[in-house]
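What follows is the content of data.txt, which has compact mmCIF, C-alpha atoms:
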# COMPACT_ATOMS: atom_id res chain seq x y z
CA MET A 1 -52.90 21.93 3.05
CA LYS A 2 -49.94 24.24 2.47
CA THR A 3 -48.92 24.02 6.13
CA THR A 4 -49.15 20.24 6.04
CA GLN A 5 -46.90 20.14 2.99
CA THR A 6 -44.42 22.43 4.73
CA LEU A 7 -44.35 20.15 7.76
CA GLN A 8 -43.78 17.12 5.57
CA THR A 9 -40.94 18.88 3.77
CA LEU A 10 -39.28 19.77 7.08
CA LEU A 11 -39.57 16.20 8.31
CA VAL A 12 -37.87 14.95 5.15
CA ALA A 13 -35.10 17.53 5.63
CA VAL A 14 -34.52 16.39 9.19
CA ALA A 15 -34.36 12.74 8.12
CA LEU A 16 -31.87 13.53 5.35
CA SER A 17 -29.72 15.63 7.67
CA ALA A 18 -29.64 12.90 10.29
CA GLY A 19 -28.75 10.35 7.63
CA LEU A 20 -25.91 12.46 6.31
CA LEU A 21 -24.49 13.08 9.79
CA SER A 22 -24.71 9.39 10.62
CA ALA A 23 -23.09 8.38 7.34
CA THR A 24 -20.25 10.82 7.90
CA GLY A 25 -19.44 9.24 11.24
CA ALA A 26 -19.83 5.69 9.92
CA ASN A 27 -17.46 6.18 6.99
CA ALA A 28 -14.75 7.79 9.07
CA ASN A 29 -12.71 4.78 10.26
CA LEU A 30 -10.04 6.94 11.90
CA MET A 31 -11.36 9.30 14.55
CA PRO A 32 -9.21 11.60 16.73
CA ALA A 33 -9.77 11.64 20.49
CA LEU A 34 -8.21 13.10 23.65
CA GLY A 35 -7.60 16.38 21.89
CA GLY A 36 -5.82 14.70 18.98
CA GLN A 37 -3.39 12.72 21.14
CA VAL A 38 -4.82 9.39 20.00
CA VAL A 39 -6.59 8.09 16.91
CA ASN A 40 -9.40 5.54 17.16
CA ASP A 41 -9.51 2.92 14.41
CA THR A 42 -13.16 1.87 14.33
CA ASP A 43 -12.36 -0.83 11.76
CA LEU A 44 -10.07 -2.83 14.04
CA ASN A 45 -11.39 -1.47 17.35
CA ILE A 46 -7.96 -0.25 18.43
CA THR A 47 -6.48 3.10 19.41
CA TRP A 48 -3.27 4.41 17.88
CA LEU A 49 -1.01 6.89 19.61
CA ALA A 50 -1.11 9.95 17.36
CA ASN A 51 2.57 10.73 17.92
CA ALA A 52 4.27 8.11 15.74
CA ASN A 53 7.66 8.82 17.28
CA LEU A 54 6.91 9.65 20.91
CA ALA A 55 10.12 7.91 22.03
CA ALA A 56 12.21 10.73 20.54
CA SER A 57 10.71 13.16 23.06
CA ASN A 58 9.64 10.88 25.91
CA THR A 59 11.69 7.81 26.84
CA PHE A 60 9.77 7.24 30.09
CA GLY A 61 13.17 6.77 31.70
CA VAL A 62 14.17 3.83 29.49
CA GLY A 63 17.80 3.76 28.39
CA GLY A 64 19.10 2.69 25.00
CA ILE A 65 16.78 4.83 22.92
CA ASN A 66 18.55 6.91 20.27
CA PRO A 67 17.89 10.67 20.16
CA ASP A 68 15.94 10.13 16.93
CA GLY A 69 13.65 7.62 18.70
CA MET A 70 15.06 4.41 17.20
CA MET A 71 15.70 1.36 19.38
CA ILE A 72 16.16 -2.40 19.33
CA TRP A 73 13.15 -4.69 19.81
CA GLY A 74 13.83 -5.47 23.46
CA THR A 75 14.14 -1.78 24.27
CA ALA A 76 10.89 -1.10 22.44
CA GLN A 77 9.15 -3.61 24.68
CA SER A 78 10.70 -2.00 27.75
CA TRP A 79 9.55 1.42 26.52
CA ILE A 80 5.99 0.14 26.16
CA GLY A 81 6.17 -1.31 29.66
CA ALA A 82 7.35 2.02 31.05
CA MET A 83 4.47 3.80 29.28
CA ASN A 84 2.00 1.50 31.00
CA ALA A 85 3.64 1.98 34.40
CA SER A 86 3.78 5.79 34.13
CA ASN A 87 1.54 8.20 36.06
CA GLY A 88 1.65 6.08 39.18
CA GLY A 89 0.49 3.00 37.33
CA ALA A 90 -2.42 4.73 35.60
CA GLY A 91 -0.49 4.59 32.35
CA TYR A 92 0.20 7.11 29.62
CA LEU A 93 -2.87 9.28 28.91
CA GLY A 94 -4.70 7.24 31.53
CA TYR A 95 -4.31 3.86 29.83
CA SER A 96 -2.02 1.03 30.91
CA ASP A 97 -2.58 -1.45 28.09
CA TRP A 98 -0.39 0.05 25.37
CA ARG A 99 1.52 -2.43 23.21
CA LEU A 100 3.37 -2.72 19.93
CA PRO A 101 1.21 -3.53 16.87
CA THR A 102 0.51 -7.17 16.03
CA SER A 103 1.53 -8.68 12.71
CA GLU A 104 0.32 -11.46 10.47
CA THR A 105 2.76 -13.89 8.83
CA CYS A 106 2.70 -12.15 5.47
CA TRP A 107 5.98 -11.39 3.74
CA GLY A 108 6.35 -8.48 1.31
CA TYR A 109 3.26 -6.54 0.26
CA PRO A 110 0.41 -5.73 0.47
CA CYS A 111 0.07 -7.22 3.96
CA THR A 112 -3.20 -5.65 5.06
CA GLY A 113 -3.87 -8.26 7.74
CA SER A 114 -1.36 -6.77 10.17
CA GLU A 115 -2.30 -3.68 12.18
CA MET A 116 0.44 -1.57 10.62
CA GLY A 117 -0.43 -2.88 7.15
CA HIS A 118 -4.09 -2.03 7.69
CA LEU A 119 -3.11 1.46 8.76
CA PHE A 120 -0.77 1.96 5.81
CA TYR A 121 -3.03 0.63 3.04
CA THR A 122 -6.64 0.71 4.21
CA GLU A 123 -6.69 3.82 6.38
CA LEU A 124 -3.95 6.08 5.02
CA GLY A 125 -4.09 5.20 1.32
CA GLY A 126 -0.51 3.95 1.01
CA VAL A 127 0.63 2.16 -2.14
CA PRO A 128 3.24 -0.62 -2.37
CA GLY A 129 6.65 -0.29 -3.92
CA ALA A 130 9.96 1.47 -3.56
CA GLY A 131 9.64 5.22 -3.31
CA SER A 132 6.04 4.97 -2.08
CA SER A 133 6.58 6.42 1.38
CA ILE A 134 3.45 6.91 3.43
CA LEU A 135 4.47 10.56 3.69
CA THR A 136 3.59 10.98 0.00
CA SER A 137 -0.02 9.88 0.58
CA SER A 138 -2.68 12.47 -0.15
CA ASP A 139 -5.12 10.89 2.29
CA PRO A 140 -6.29 13.61 4.72
CA ASP A 141 -6.26 11.13 7.62
CA LEU A 142 -2.46 11.20 7.55
CA ALA A 143 -2.73 14.62 9.24
CA LEU A 144 -4.22 12.90 12.31
CA PHE A 145 -0.73 11.59 13.09
CA GLN A 146 2.43 13.47 13.96
CA ASN A 147 6.09 12.53 13.49
CA VAL A 148 5.43 9.60 11.16
CA GLN A 149 8.79 8.23 10.07
CA SER A 150 9.48 6.96 6.56
CA PHE A 151 11.32 3.90 7.83
CA ASN A 152 10.84 0.58 9.63
CA TYR A 153 8.55 0.18 12.66
CA TRP A 154 8.65 -2.73 15.09
CA SER A 155 5.68 -5.00 15.63
CA GLY A 156 5.28 -6.91 18.86
CA THR A 157 5.04 -10.23 17.00
CA GLU A 158 8.06 -12.49 17.00
CA TYR A 159 9.08 -14.36 13.85
CA ALA A 160 8.30 -17.97 14.75
CA PRO A 161 11.06 -19.73 12.74
CA TYR A 162 13.73 -17.57 14.41
CA PRO A 163 12.84 -16.27 17.90
CA ASN A 164 15.65 -13.73 17.72
CA HIS A 165 13.74 -12.03 14.88
CA ALA A 166 10.50 -10.00 14.93
CA TRP A 167 8.14 -8.71 12.26
CA ILE A 168 8.55 -5.11 11.11
CA PHE A 169 6.62 -2.82 8.77
CA ASP A 170 8.40 -0.48 6.39
CA MET A 171 6.63 2.85 5.96
CA ARG A 172 8.87 3.66 2.99
CA ALA A 173 7.41 1.03 0.69
CA GLY A 174 4.51 -0.68 2.46
CA THR A 175 6.44 -3.91 2.92
CA GLN A 176 6.51 -6.32 5.83
CA HIS A 177 9.53 -8.43 6.79
CA ALA A 178 11.24 -10.06 9.75
CA TYR A 179 14.46 -8.59 11.09
CA GLY A 180 16.84 -9.47 13.89
CA LYS A 181 15.81 -7.96 17.18
CA ASP A 182 19.19 -6.26 17.52
CA ASN A 183 18.38 -3.90 14.64
CA ILE A 184 17.09 -0.44 15.48
CA MET A 185 13.62 0.65 14.35
CA PHE A 186 10.95 3.11 15.36
CA ALA A 187 8.03 2.19 17.65
CA LEU A 188 4.38 3.20 17.45
CA ALA A 189 2.15 2.35 20.40
CA VAL A 190 -1.39 1.02 20.05
CA ARG A 191 -3.96 -0.30 22.50
CA PRO A 192 -7.11 -2.45 22.27
CA GLY A 193 -10.50 -0.77 22.20
CA GLN A 194 -11.27 2.90 21.74
CA VAL A 195 -11.11 5.89 24.02
CA ALA A 196 -13.80 8.52 24.63
CA ALA A 197 -15.87 9.08 21.53
CA VAL A 198 -15.41 12.30 19.60
CA PRO A 199 -18.42 14.57 20.18
CA GLU A 200 -20.52 15.74 17.26
CA PRO A 201 -19.44 19.12 15.85
CA ALA A 202 -21.30 22.10 17.27
CA THR A 203 -22.58 22.97 13.81
CA ALA A 204 -24.39 19.65 13.58
CA TRP A 205 -26.22 20.34 16.82
CA LEU A 206 -27.14 23.84 15.68
CA ILE A 207 -28.54 22.54 12.39
CA GLY A 208 -30.56 19.88 14.17
CA ALA A 209 -31.88 22.37 16.72
CA GLY A 210 -32.84 24.79 13.98
CA LEU A 211 -34.78 22.16 12.04
CA ILE A 212 -36.57 21.00 15.17
CA GLY A 213 -37.51 24.59 15.89
CA LEU A 214 -38.97 25.00 12.41
CA ILE A 215 -41.05 21.86 12.87
CA GLY A 216 -42.43 23.29 16.10
CA VAL A 217 -43.44 26.51 14.33
CA ALA A 218 -45.14 24.55 11.54
CA ARG A 219 -47.03 22.41 14.01
CA ARG A 220 -48.31 25.46 15.88
CA ARG A 221 -49.52 27.00 12.64
CA LEU A 222 -51.27 23.77 11.73
CA THR A 223 -52.98 23.68 15.14
CA LEU A 224 -54.18 27.29 14.77
CA ARG A 225 -55.74 26.45 11.42
Could you render the structure from this file as structure tokens?
Amino acid sequence: MKTTQTLQTLLVAVALSAGLLSATGANANLMPALGGQVVNDTDLNITWLANANLAASNTFGVGGINPDGMMIWGTAQSWIGAMNASNGGAGYLGYSDWRLPTSETCWGYPCTGSEMGHLFYTELGGVPGAGSSILTSSDPDLALFQNVQSFNYWSGTEYAPYPNHAWIFDMRAGTQHAYGKDNIMFALAVRPGQVAAVPEPATAWLIGAGLIGLIGVARRRLTLR
């Protein structure tokens, strides 16, 4: 009887452990991949480039990019095109479908329907208003990104009433507006879908293996009885 109770207890422990591990993965909407070079957004099924100002260090041969990484909208599109054509056509990090984020037609804040707005508010815990830079967020997922700029970022969506304008997202205040394409902004690349899944931590495997081993011992004892 005692051995049976022990086996039942171990089975419950395994079930709880599996549930906790599964819940941890399910609740984490931003998951790093490719050694931290990209961040999967499981909510929107997209992949963000982790370096939020890659253009400052890698222009992919595109001219017109300022040393700080800022550029006009047309140059941002050319930069994205050069990313996709790099590595002999294989694309940056092995992907050739990078693009600028899409935007909804929401003016002001909180515009959570755009990809940048979703990232700012839903994933990184940003708050609207002047002086509310995303860099002040205490959300730990902010550390998944590097070189995030507290300024305007281009979207790839044109502003329909005026084709010479495009939507932008302001990381200083969580606002979304349309600006003339001849203004200079930062650019953050994103792509559809997700890259290779992040493997489970080694500790999780060790815990699971240990529990399974204990169940085996308990079963052998029960058989001997």
Considering all atoms listed in the file, state which residue in the set A:Asn45, A:Asn58, A:Asn164, A:Thr175 is at the smallest distance from A:Gln194.
A:Asn45
Starting from the point (-3.9, 16.1, 9.9), work out which residues of protein, DNA or RNA have an atom no more than 12 Å away when counting all atoms listed in the file; state them as a ChimeraX atom specification.
/A:30-32,36-37,39,50-51,124,135,137-148
Based on the selection just made, write C-alpha atoms of those residues as a PDB file, keeping the file's coordinate frame.
ATOM      1  CA  LEU A  30     -10.040   6.940  11.900  1.00  0.00           C
ATOM      2  CA  MET A  31     -11.360   9.300  14.550  1.00  0.00           C
ATOM      3  CA  PRO A  32      -9.210  11.600  16.730  1.00  0.00           C
ATOM      4  CA  GLY A  36      -5.820  14.700  18.980  1.00  0.00           C
ATOM      5  CA  GLN A  37      -3.390  12.720  21.140  1.00  0.00           C
ATOM      6  CA  VAL A  39      -6.590   8.090  16.910  1.00  0.00           C
ATOM      7  CA  ALA A  50      -1.110   9.950  17.360  1.00  0.00           C
ATOM      8  CA  ASN A  51       2.570  10.730  17.920  1.00  0.00           C
ATOM      9  CA  LEU A 124      -3.950   6.080   5.020  1.00  0.00           C
ATOM     10  CA  LEU A 135       4.470  10.560   3.690  1.00  0.00           C
ATOM     11  CA  SER A 137      -0.020   9.880   0.580  1.00  0.00           C
ATOM     12  CA  SER A 138      -2.680  12.470  -0.150  1.00  0.00           C
ATOM     13  CA  ASP A 139      -5.120  10.890   2.290  1.00  0.00           C
ATOM     14  CA  PRO A 140      -6.290  13.610   4.720  1.00  0.00           C
ATOM     15  CA  ASP A 141      -6.260  11.130   7.620  1.00  0.00           C
ATOM     16  CA  LEU A 142      -2.460  11.200   7.550  1.00  0.00           C
ATOM     17  CA  ALA A 143      -2.730  14.620   9.240  1.00  0.00           C
ATOM     18  CA  LEU A 144      -4.220  12.900  12.310  1.00  0.00           C
ATOM     19  CA  PHE A 145      -0.730  11.590  13.090  1.00  0.00           C
ATOM     20  CA  GLN A 146       2.430  13.470  13.960  1.00  0.00           C
ATOM     21  CA  ASN A 147       6.090  12.530  13.490  1.00  0.00           C
ATOM     22  CA  VAL A 148       5.430   9.600  11.160  1.00  0.00           C
TER      23      VAL A 148
END
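Proximity ranking of A:Leu93, A:Leu44, A:Met83, A:Ala196 relative to A:Ser114 places A:Leu44 first, based on only C-alpha atoms.
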Need the shell around A:Trp79: protein/DNA/RNA residues with any atom at most 10 Å away, counting all atoms listed in the file. Skip same-chain ones fewer than 5 positions apart. Format as a short mmCIF file (atom, residue, chain, number, x, y, z; two decimals) with C-alpha atoms, in the coordinates of the input?
data_model
loop_
_atom_site.label_atom_id
_atom_site.label_comp_id
_atom_site.auth_asym_id
_atom_site.auth_seq_id
_atom_site.Cartn_x
_atom_site.Cartn_y
_atom_site.Cartn_z
CA ALA A 55 10.12 7.91 22.03
CA ASN A 58 9.64 10.88 25.91
CA THR A 59 11.69 7.81 26.84
CA PHE A 60 9.77 7.24 30.09
CA GLY A 61 13.17 6.77 31.70
CA VAL A 62 14.17 3.83 29.49
CA GLY A 63 17.80 3.76 28.39
CA GLY A 64 19.10 2.69 25.00
CA ILE A 65 16.78 4.83 22.92
CA MET A 71 15.70 1.36 19.38
CA TRP A 73 13.15 -4.69 19.81
CA GLY A 74 13.83 -5.47 23.46
CA ASN A 84 2.00 1.50 31.00
CA ALA A 85 3.64 1.98 34.40
CA ARG A 99 1.52 -2.43 23.21
CA LEU A 100 3.37 -2.72 19.93
CA ALA A 187 8.03 2.19 17.65
CA ALA A 189 2.15 2.35 20.40
#
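Among A:Ala82, A:Ala166, A:Ile72, A:Ile134, the residue with the shortest atom-to-atom distance to A:Thr122, counting only C-alpha atoms, is A:Ile134.
Comparing A:Gly35, A:Tyr95, A:Arg172, A:Asn53 by their smallest distance to A:Gly193, the closest is A:Tyr95 (using only C-alpha atoms).
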Can you tell me which residues surround A:Trp48 at a distance of at most 8 Å, considering only C-alpha atoms, apart from same-chain residues fewer than 5 positions away, and format the answer as a ChimeraX atom specification?
/A:38-41,188-191
From the set A:Gly81, A:Gly94, A:Gly126, A:Met70, which residue has the shortest atom-to-atom contact distance to A:Asn152, counting only C-alpha atoms?
A:Met70
Provide an axis-aligned box for all listed atoms of stretch 171-189 of chain A, padding each side by 4 Å; report its centre and its edge lengths in Å to one decimal, as AutoDock Vina command-line options.
--center_x 10.7 --center_y -3.2 --center_z 10.5 --size_x 25.0 --size_y 21.7 --size_z 27.7
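Atom CA of A:Val195 is positioned 7.1 Å from atom CA of A:Thr47.
Among the candidates A:Pro67, A:Gly129, A:Gly113, A:Pro161, the one nearest to A:Asp43 when counting all atoms listed in the file is A:Gly113.
Look at A:Cys111: the protein and nucleic acid residues within 10 Å of it, using all atoms listed in the file and passing over chain neighbours fewer than 4 places away, are Ser103, Glu104, Thr105, Cys106, Trp107, Glu115, Met116, Gly117, His118, Phe120, Tyr121, Pro128, Phe169, Gly174, Thr175, Gln176 and His177 of chain A.
Of note, atom CA of A:Phe151 and atom CA of A:Ile80 are spaced 19.5 Å apart.
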